file input21.cif (mmCIF, N, CA and C atoms)
data_run
loop_
_atom_site.label_atom_id
_atom_site.label_comp_id
_atom_site.auth_asym_id
_atom_site.auth_seq_id
_atom_site.Cartn_x
_atom_site.Cartn_y
_atom_site.Cartn_z
N MET S 9 -71.64 -6.50 -6.13
CA MET S 9 -71.63 -7.76 -5.45
C MET S 9 -72.72 -7.85 -4.41
N PHE S 10 -73.14 -6.74 -3.85
CA PHE S 10 -74.15 -6.73 -2.81
C PHE S 10 -75.33 -5.88 -3.24
N GLU S 11 -75.88 -6.24 -4.36
CA GLU S 11 -76.98 -5.49 -4.96
C GLU S 11 -78.30 -6.20 -4.72
N PRO S 12 -79.29 -5.48 -4.23
CA PRO S 12 -80.61 -6.11 -4.08
C PRO S 12 -81.22 -6.36 -5.46
N ILE S 13 -81.64 -7.56 -5.71
CA ILE S 13 -82.23 -7.91 -6.99
C ILE S 13 -83.71 -8.20 -6.80
N GLY S 14 -84.52 -7.40 -7.39
CA GLY S 14 -85.96 -7.61 -7.25
C GLY S 14 -86.70 -7.21 -8.51
N GLY S 15 -85.96 -6.82 -9.49
CA GLY S 15 -86.60 -6.38 -10.72
C GLY S 15 -86.81 -4.88 -10.73
N SER S 16 -87.20 -4.40 -11.85
CA SER S 16 -87.45 -2.97 -12.03
C SER S 16 -88.93 -2.68 -11.85
N ALA S 17 -89.22 -1.60 -11.16
CA ALA S 17 -90.62 -1.24 -10.93
C ALA S 17 -90.77 0.27 -11.07
N PRO S 18 -90.50 0.81 -12.27
CA PRO S 18 -90.56 2.26 -12.43
C PRO S 18 -91.93 2.85 -12.14
N LYS S 19 -92.97 2.05 -12.25
CA LYS S 19 -94.32 2.59 -11.98
C LYS S 19 -94.50 2.97 -10.51
N TYR S 20 -93.61 2.48 -9.63
CA TYR S 20 -93.72 2.80 -8.20
C TYR S 20 -92.79 3.93 -7.76
N THR S 21 -92.02 4.49 -8.69
CA THR S 21 -91.07 5.54 -8.36
C THR S 21 -91.74 6.69 -7.62
N GLY S 22 -91.16 7.03 -6.48
CA GLY S 22 -91.64 8.17 -5.70
C GLY S 22 -92.90 7.94 -4.90
N GLN S 23 -93.44 6.74 -4.92
CA GLN S 23 -94.69 6.48 -4.20
C GLN S 23 -94.47 5.99 -2.77
N GLY S 24 -93.27 5.53 -2.45
CA GLY S 24 -92.99 5.05 -1.10
C GLY S 24 -93.71 3.77 -0.74
N VAL S 25 -93.89 2.89 -1.73
CA VAL S 25 -94.63 1.66 -1.49
C VAL S 25 -93.80 0.39 -1.68
N VAL S 26 -92.54 0.54 -2.05
CA VAL S 26 -91.69 -0.62 -2.32
C VAL S 26 -90.89 -0.96 -1.06
N SER S 27 -90.77 -2.23 -0.76
CA SER S 27 -90.03 -2.68 0.41
C SER S 27 -88.54 -2.39 0.28
N PRO S 28 -87.94 -1.80 1.32
CA PRO S 28 -86.50 -1.57 1.30
C PRO S 28 -85.71 -2.75 1.86
N LEU S 29 -86.38 -3.83 2.21
CA LEU S 29 -85.72 -4.93 2.92
C LEU S 29 -84.63 -5.60 2.10
N ALA S 30 -84.78 -5.71 0.79
CA ALA S 30 -83.73 -6.32 -0.02
C ALA S 30 -82.46 -5.47 0.00
N ALA S 31 -82.60 -4.16 -0.06
CA ALA S 31 -81.43 -3.28 0.00
C ALA S 31 -80.78 -3.34 1.37
N ILE S 32 -81.59 -3.39 2.41
CA ILE S 32 -81.06 -3.49 3.77
C ILE S 32 -80.34 -4.83 3.95
N ALA S 33 -80.93 -5.91 3.44
CA ALA S 33 -80.29 -7.22 3.54
C ALA S 33 -78.99 -7.27 2.73
N ALA S 34 -78.92 -6.55 1.62
CA ALA S 34 -77.69 -6.49 0.85
C ALA S 34 -76.58 -5.83 1.66
N SER S 35 -76.93 -4.81 2.44
CA SER S 35 -75.92 -4.18 3.30
C SER S 35 -75.48 -5.14 4.39
N GLN S 36 -76.39 -5.97 4.86
CA GLN S 36 -76.05 -6.99 5.85
C GLN S 36 -75.03 -7.97 5.28
N MET S 37 -75.25 -8.40 4.05
CA MET S 37 -74.32 -9.33 3.40
C MET S 37 -72.95 -8.69 3.21
N MET S 38 -72.93 -7.40 2.87
CA MET S 38 -71.66 -6.70 2.69
C MET S 38 -70.91 -6.63 4.01
N LEU S 39 -71.60 -6.29 5.08
CA LEU S 39 -70.95 -6.22 6.38
C LEU S 39 -70.38 -7.57 6.80
N ASP S 40 -71.13 -8.61 6.55
CA ASP S 40 -70.65 -9.95 6.87
C ASP S 40 -69.39 -10.27 6.06
N HIS S 41 -69.40 -9.90 4.80
CA HIS S 41 -68.27 -10.17 3.91
C HIS S 41 -66.99 -9.46 4.36
N VAL S 42 -67.14 -8.26 4.89
CA VAL S 42 -65.95 -7.50 5.31
C VAL S 42 -65.57 -7.78 6.77
N GLY S 43 -66.21 -8.78 7.38
CA GLY S 43 -65.82 -9.19 8.72
C GLY S 43 -66.55 -8.54 9.86
N GLU S 44 -67.59 -7.80 9.56
CA GLU S 44 -68.39 -7.14 10.61
C GLU S 44 -69.58 -8.03 10.97
N GLU S 45 -69.25 -9.20 11.52
CA GLU S 45 -70.28 -10.21 11.77
C GLU S 45 -71.35 -9.75 12.75
N LYS S 46 -70.95 -9.05 13.82
CA LYS S 46 -71.92 -8.60 14.82
C LYS S 46 -72.91 -7.61 14.23
N ALA S 47 -72.43 -6.67 13.46
CA ALA S 47 -73.31 -5.69 12.82
C ALA S 47 -74.22 -6.38 11.80
N ALA S 48 -73.64 -7.31 11.04
CA ALA S 48 -74.43 -8.05 10.06
C ALA S 48 -75.53 -8.85 10.73
N GLN S 49 -75.21 -9.50 11.82
CA GLN S 49 -76.21 -10.29 12.53
C GLN S 49 -77.32 -9.41 13.09
N GLY S 50 -76.96 -8.23 13.57
CA GLY S 50 -77.96 -7.29 14.08
C GLY S 50 -78.95 -6.89 12.99
N ILE S 51 -78.44 -6.61 11.81
CA ILE S 51 -79.32 -6.25 10.70
C ILE S 51 -80.20 -7.43 10.31
N GLU S 52 -79.61 -8.60 10.21
CA GLU S 52 -80.40 -9.78 9.84
C GLU S 52 -81.51 -10.03 10.86
N ASP S 53 -81.18 -9.94 12.14
CA ASP S 53 -82.18 -10.14 13.18
C ASP S 53 -83.30 -9.10 13.08
N ALA S 54 -82.93 -7.85 12.84
CA ALA S 54 -83.93 -6.79 12.73
C ALA S 54 -84.84 -7.02 11.53
N VAL S 55 -84.28 -7.38 10.40
CA VAL S 55 -85.09 -7.65 9.20
C VAL S 55 -86.05 -8.81 9.47
N MET S 56 -85.55 -9.85 10.11
CA MET S 56 -86.41 -11.00 10.41
C MET S 56 -87.57 -10.61 11.33
N LYS S 57 -87.32 -9.74 12.29
CA LYS S 57 -88.38 -9.28 13.18
C LYS S 57 -89.43 -8.47 12.41
N VAL S 58 -88.96 -7.59 11.53
CA VAL S 58 -89.90 -6.79 10.73
C VAL S 58 -90.79 -7.70 9.89
N VAL S 59 -90.19 -8.69 9.26
CA VAL S 59 -90.96 -9.59 8.39
C VAL S 59 -91.94 -10.44 9.21
N SER S 60 -91.51 -10.91 10.36
CA SER S 60 -92.37 -11.80 11.14
C SER S 60 -93.40 -11.07 11.99
N ARG S 61 -93.12 -9.84 12.39
CA ARG S 61 -94.00 -9.13 13.32
C ARG S 61 -94.83 -8.02 12.71
N ASP S 62 -94.31 -7.37 11.68
CA ASP S 62 -94.91 -6.11 11.25
C ASP S 62 -95.49 -6.10 9.84
N VAL S 63 -94.72 -6.51 8.88
CA VAL S 63 -95.11 -6.39 7.47
C VAL S 63 -96.13 -7.47 7.11
N ARG S 64 -97.23 -7.04 6.54
CA ARG S 64 -98.29 -7.98 6.15
C ARG S 64 -97.95 -8.74 4.88
N ASN S 65 -97.29 -8.06 3.95
CA ASN S 65 -97.03 -8.63 2.63
C ASN S 65 -95.81 -7.90 2.08
N LEU S 66 -94.97 -8.56 1.33
CA LEU S 66 -93.79 -7.90 0.77
C LEU S 66 -94.04 -7.27 -0.60
N SER S 67 -95.22 -7.44 -1.13
CA SER S 67 -95.54 -6.85 -2.44
C SER S 67 -95.71 -5.34 -2.32
N ALA S 68 -95.32 -4.65 -3.37
CA ALA S 68 -95.43 -3.18 -3.39
C ALA S 68 -96.86 -2.75 -3.11
N GLY S 69 -96.99 -1.83 -2.16
CA GLY S 69 -98.29 -1.29 -1.81
C GLY S 69 -99.11 -2.17 -0.88
N LYS S 70 -98.59 -3.31 -0.49
CA LYS S 70 -99.36 -4.22 0.37
C LYS S 70 -98.68 -4.50 1.71
N MET S 71 -97.62 -3.75 2.02
CA MET S 71 -96.87 -4.00 3.24
C MET S 71 -97.62 -3.56 4.49
N GLY S 72 -98.49 -2.57 4.34
CA GLY S 72 -99.13 -1.99 5.50
C GLY S 72 -98.33 -0.82 6.06
N TYR S 73 -97.20 -0.56 5.46
CA TYR S 73 -96.30 0.54 5.83
C TYR S 73 -95.69 1.13 4.57
N SER S 74 -95.22 2.36 4.68
CA SER S 74 -94.50 2.96 3.56
C SER S 74 -93.06 2.46 3.55
N THR S 75 -92.34 2.75 2.49
CA THR S 75 -90.93 2.37 2.39
C THR S 75 -90.15 2.89 3.58
N SER S 76 -90.30 4.17 3.89
CA SER S 76 -89.53 4.75 5.00
C SER S 76 -89.97 4.19 6.34
N GLN S 77 -91.25 3.88 6.50
CA GLN S 77 -91.70 3.29 7.76
C GLN S 77 -91.11 1.90 7.97
N VAL S 78 -90.98 1.12 6.91
CA VAL S 78 -90.35 -0.20 7.03
C VAL S 78 -88.89 -0.02 7.44
N GLY S 79 -88.20 0.93 6.83
CA GLY S 79 -86.82 1.22 7.23
C GLY S 79 -86.74 1.64 8.68
N ASP S 80 -87.69 2.45 9.12
CA ASP S 80 -87.73 2.88 10.53
C ASP S 80 -87.96 1.70 11.47
N LEU S 81 -88.76 0.73 11.05
CA LEU S 81 -88.97 -0.46 11.87
C LEU S 81 -87.68 -1.25 12.03
N VAL S 82 -86.91 -1.36 10.95
CA VAL S 82 -85.61 -2.05 11.05
C VAL S 82 -84.72 -1.33 12.05
N VAL S 83 -84.66 -0.02 11.96
CA VAL S 83 -83.84 0.76 12.89
C VAL S 83 -84.33 0.56 14.32
N LYS S 84 -85.63 0.55 14.53
CA LYS S 84 -86.20 0.34 15.87
C LYS S 84 -85.69 -0.97 16.46
N TYR S 85 -85.71 -2.03 15.69
CA TYR S 85 -85.24 -3.32 16.20
C TYR S 85 -83.72 -3.35 16.35
N LEU S 86 -83.00 -2.63 15.49
CA LEU S 86 -81.55 -2.54 15.64
C LEU S 86 -81.18 -1.86 16.96
N LEU S 87 -81.97 -0.89 17.33
CA LEU S 87 -81.71 -0.15 18.57
C LEU S 87 -82.28 -0.84 19.80
N GLY S 88 -82.96 -1.96 19.58
CA GLY S 88 -83.49 -2.73 20.69
C GLY S 88 -84.75 -2.17 21.31
N LYS S 89 -85.51 -1.46 20.53
CA LYS S 89 -86.75 -0.87 21.05
C LYS S 89 -87.93 -1.76 20.76
#

call {"tool": "encode", "arguments": {"input": "input21.cif", "output": "structure tokens"}}
result
Amino acid sequence: MFEPIGGSAPKYTGQGVVSPLAAIAASQMMLDHVGEEKAAQGIEDAVMKVVSRDVRNLSAGKMGYSTSQVGDLVVKYLLGK
């Protein structure tokens, strides 16, 4: 029910170039669904900040950051840094 849908991209496996934002947003939707509105809003706000402030492009290999670095940026905004 809370699966990120973006298509299959096996050619990028293990390269660390695919955006994790769809998977992170799926967790936000799940939290909202189970009544954890505050946590869900925090994730949504963090994702929006990453997209508006940091990531150049959402296409694989064009973000300007690796997959893990994008995840770290979300965590940074979640923690209020």

call {"tool": "resolve_selection", "arguments": {"input": "input21.cif", "expression": "the PyMOL selection byres ((chain S and resi 23-38) around 8)", "output": "ChimeraX atom specification"}}
result
/S:9-14,19-22,39-44,47-52,55,65-71,73-79

call {"tool": "closest_residue", "arguments": {"input": "input21.cif", "among": "S:Tyr85, S:Gly15, S:Gly72, S:Glu45", "to": "Lys57 (chain S)", "atoms": "only N, CA and C atoms"}}
result
S:Tyr85

call {"tool": "atom_distance", "arguments": {"input": "input21.cif", "atom1": "CA of Gly88 (chain S)", "atom2": "atom C of Arg64 (chain S)"}}
result
22.3 Å

call {"tool": "select_by_dssp", "arguments": {"input": "input21.cif", "residues": "chain S", "states": "helix (DSSP H, G or I)", "output": "PyMOL selection string"}}
result
chain S and resi 18-20+29-41+45-62+75-86

call {"tool": "atom_distance", "arguments": {"input": "input21.cif", "atom1": "CA of Lys89 (chain S)", "atom2": "atom N of Lys46 (chain S)"}}
result
19.2 Å

call {"tool": "decode", "arguments": {"input": "input21.cif", "residues": "region 13-28 of chain S", "atoms": "all heavy atoms", "output": "short mmCIF file (atom, residue, chain, number, x, y, z; two decimals), in the first residue's frame"}}
result
data_model
loop_
_atom_site.label_atom_id
_atom_site.label_comp_id
_atom_site.auth_asym_id
_atom_site.auth_seq_id
_atom_site.Cartn_x
_atom_site.Cartn_y
_atom_site.Cartn_z
N ILE S 13 6.65 4.02 -6.33
CA ILE S 13 6.54 3.56 -7.70
C ILE S 13 7.33 4.50 -8.60
O ILE S 13 7.03 5.68 -8.68
CB ILE S 13 5.06 3.52 -8.16
CG1 ILE S 13 4.23 2.67 -7.23
CG2 ILE S 13 4.94 3.06 -9.60
CD1 ILE S 13 4.62 1.21 -7.18
N GLY S 14 8.34 3.98 -9.21
CA GLY S 14 9.15 4.82 -10.08
C GLY S 14 9.70 4.02 -11.25
O GLY S 14 10.49 4.52 -12.03
N GLY S 15 9.31 2.79 -11.32
CA GLY S 15 9.82 1.95 -12.39
C GLY S 15 11.05 1.19 -11.96
O GLY S 15 11.62 1.43 -10.91
N SER S 16 11.45 0.29 -12.79
CA SER S 16 12.62 -0.54 -12.52
C SER S 16 13.84 0.07 -13.22
O SER S 16 13.75 0.55 -14.33
CB SER S 16 12.37 -1.94 -13.06
OG SER S 16 13.51 -2.73 -12.88
N ALA S 17 14.95 0.07 -12.51
CA ALA S 17 16.17 0.62 -13.08
C ALA S 17 17.35 -0.26 -12.70
O ALA S 17 18.27 0.17 -12.00
CB ALA S 17 16.38 2.05 -12.60
N PRO S 18 17.34 -1.53 -13.14
CA PRO S 18 18.41 -2.44 -12.74
C PRO S 18 19.80 -1.98 -13.17
O PRO S 18 20.79 -2.34 -12.54
CB PRO S 18 18.03 -3.77 -13.40
CG PRO S 18 17.05 -3.42 -14.47
CD PRO S 18 16.37 -2.17 -14.03
N LYS S 19 19.87 -1.15 -14.20
CA LYS S 19 21.20 -0.69 -14.65
C LYS S 19 21.87 0.21 -13.61
O LYS S 19 23.07 0.43 -13.67
CB LYS S 19 21.09 0.02 -15.99
CG LYS S 19 20.35 1.33 -15.96
CD LYS S 19 20.26 1.92 -17.36
CE LYS S 19 19.49 3.23 -17.37
NZ LYS S 19 19.37 3.78 -18.70
N TYR S 20 21.10 0.72 -12.64
CA TYR S 20 21.67 1.58 -11.61
C TYR S 20 21.98 0.86 -10.30
O TYR S 20 22.45 1.48 -9.35
CB TYR S 20 20.74 2.76 -11.32
CG TYR S 20 20.53 3.66 -12.50
CD1 TYR S 20 19.28 3.82 -13.07
CD2 TYR S 20 21.59 4.36 -13.06
CE1 TYR S 20 19.08 4.65 -14.16
CE2 TYR S 20 21.41 5.19 -14.15
CZ TYR S 20 20.16 5.33 -14.69
OH TYR S 20 19.97 6.16 -15.77
N THR S 21 21.71 -0.44 -10.24
CA THR S 21 21.91 -1.21 -9.02
C THR S 21 23.34 -1.05 -8.50
O THR S 21 24.31 -1.22 -9.24
CB THR S 21 21.62 -2.70 -9.27
OG1 THR S 21 20.26 -2.83 -9.69
CG2 THR S 21 21.83 -3.52 -8.01
N GLY S 22 23.42 -0.70 -7.23
CA GLY S 22 24.71 -0.59 -6.56
C GLY S 22 25.52 0.65 -6.88
O GLY S 22 26.63 0.80 -6.38
N GLN S 23 24.99 1.54 -7.68
CA GLN S 23 25.76 2.74 -8.07
C GLN S 23 25.52 3.93 -7.14
O GLN S 23 26.27 4.91 -7.20
CB GLN S 23 25.43 3.13 -9.50
CG GLN S 23 25.86 2.09 -10.52
CD GLN S 23 25.53 2.52 -11.93
OE1 GLN S 23 25.52 3.70 -12.26
NE2 GLN S 23 25.24 1.55 -12.78
N GLY S 24 24.46 3.90 -6.35
CA GLY S 24 24.18 5.00 -5.43
C GLY S 24 23.78 6.28 -6.12
O GLY S 24 24.11 7.37 -5.65
N VAL S 25 23.07 6.16 -7.24
CA VAL S 25 22.70 7.35 -8.01
C VAL S 25 21.19 7.57 -8.10
O VAL S 25 20.76 8.55 -8.71
CB VAL S 25 23.31 7.32 -9.43
CG1 VAL S 25 24.83 7.31 -9.38
CG2 VAL S 25 22.79 6.13 -10.23
N VAL S 26 20.40 6.69 -7.52
CA VAL S 26 18.95 6.79 -7.61
C VAL S 26 18.42 7.52 -6.38
O VAL S 26 18.85 7.29 -5.26
CB VAL S 26 18.32 5.39 -7.72
CG1 VAL S 26 16.81 5.46 -7.73
CG2 VAL S 26 18.81 4.70 -8.98
N SER S 27 17.46 8.40 -6.59
CA SER S 27 16.87 9.16 -5.49
C SER S 27 16.08 8.26 -4.55
O SER S 27 15.25 7.48 -4.99
CB SER S 27 15.95 10.24 -6.05
OG SER S 27 15.29 10.90 -5.00
N PRO S 28 16.32 8.41 -3.24
CA PRO S 28 15.54 7.64 -2.26
C PRO S 28 14.26 8.36 -1.84
O PRO S 28 13.53 7.88 -0.99
CB PRO S 28 16.51 7.54 -1.08
CG PRO S 28 17.22 8.85 -1.11
CD PRO S 28 17.41 9.14 -2.60
#
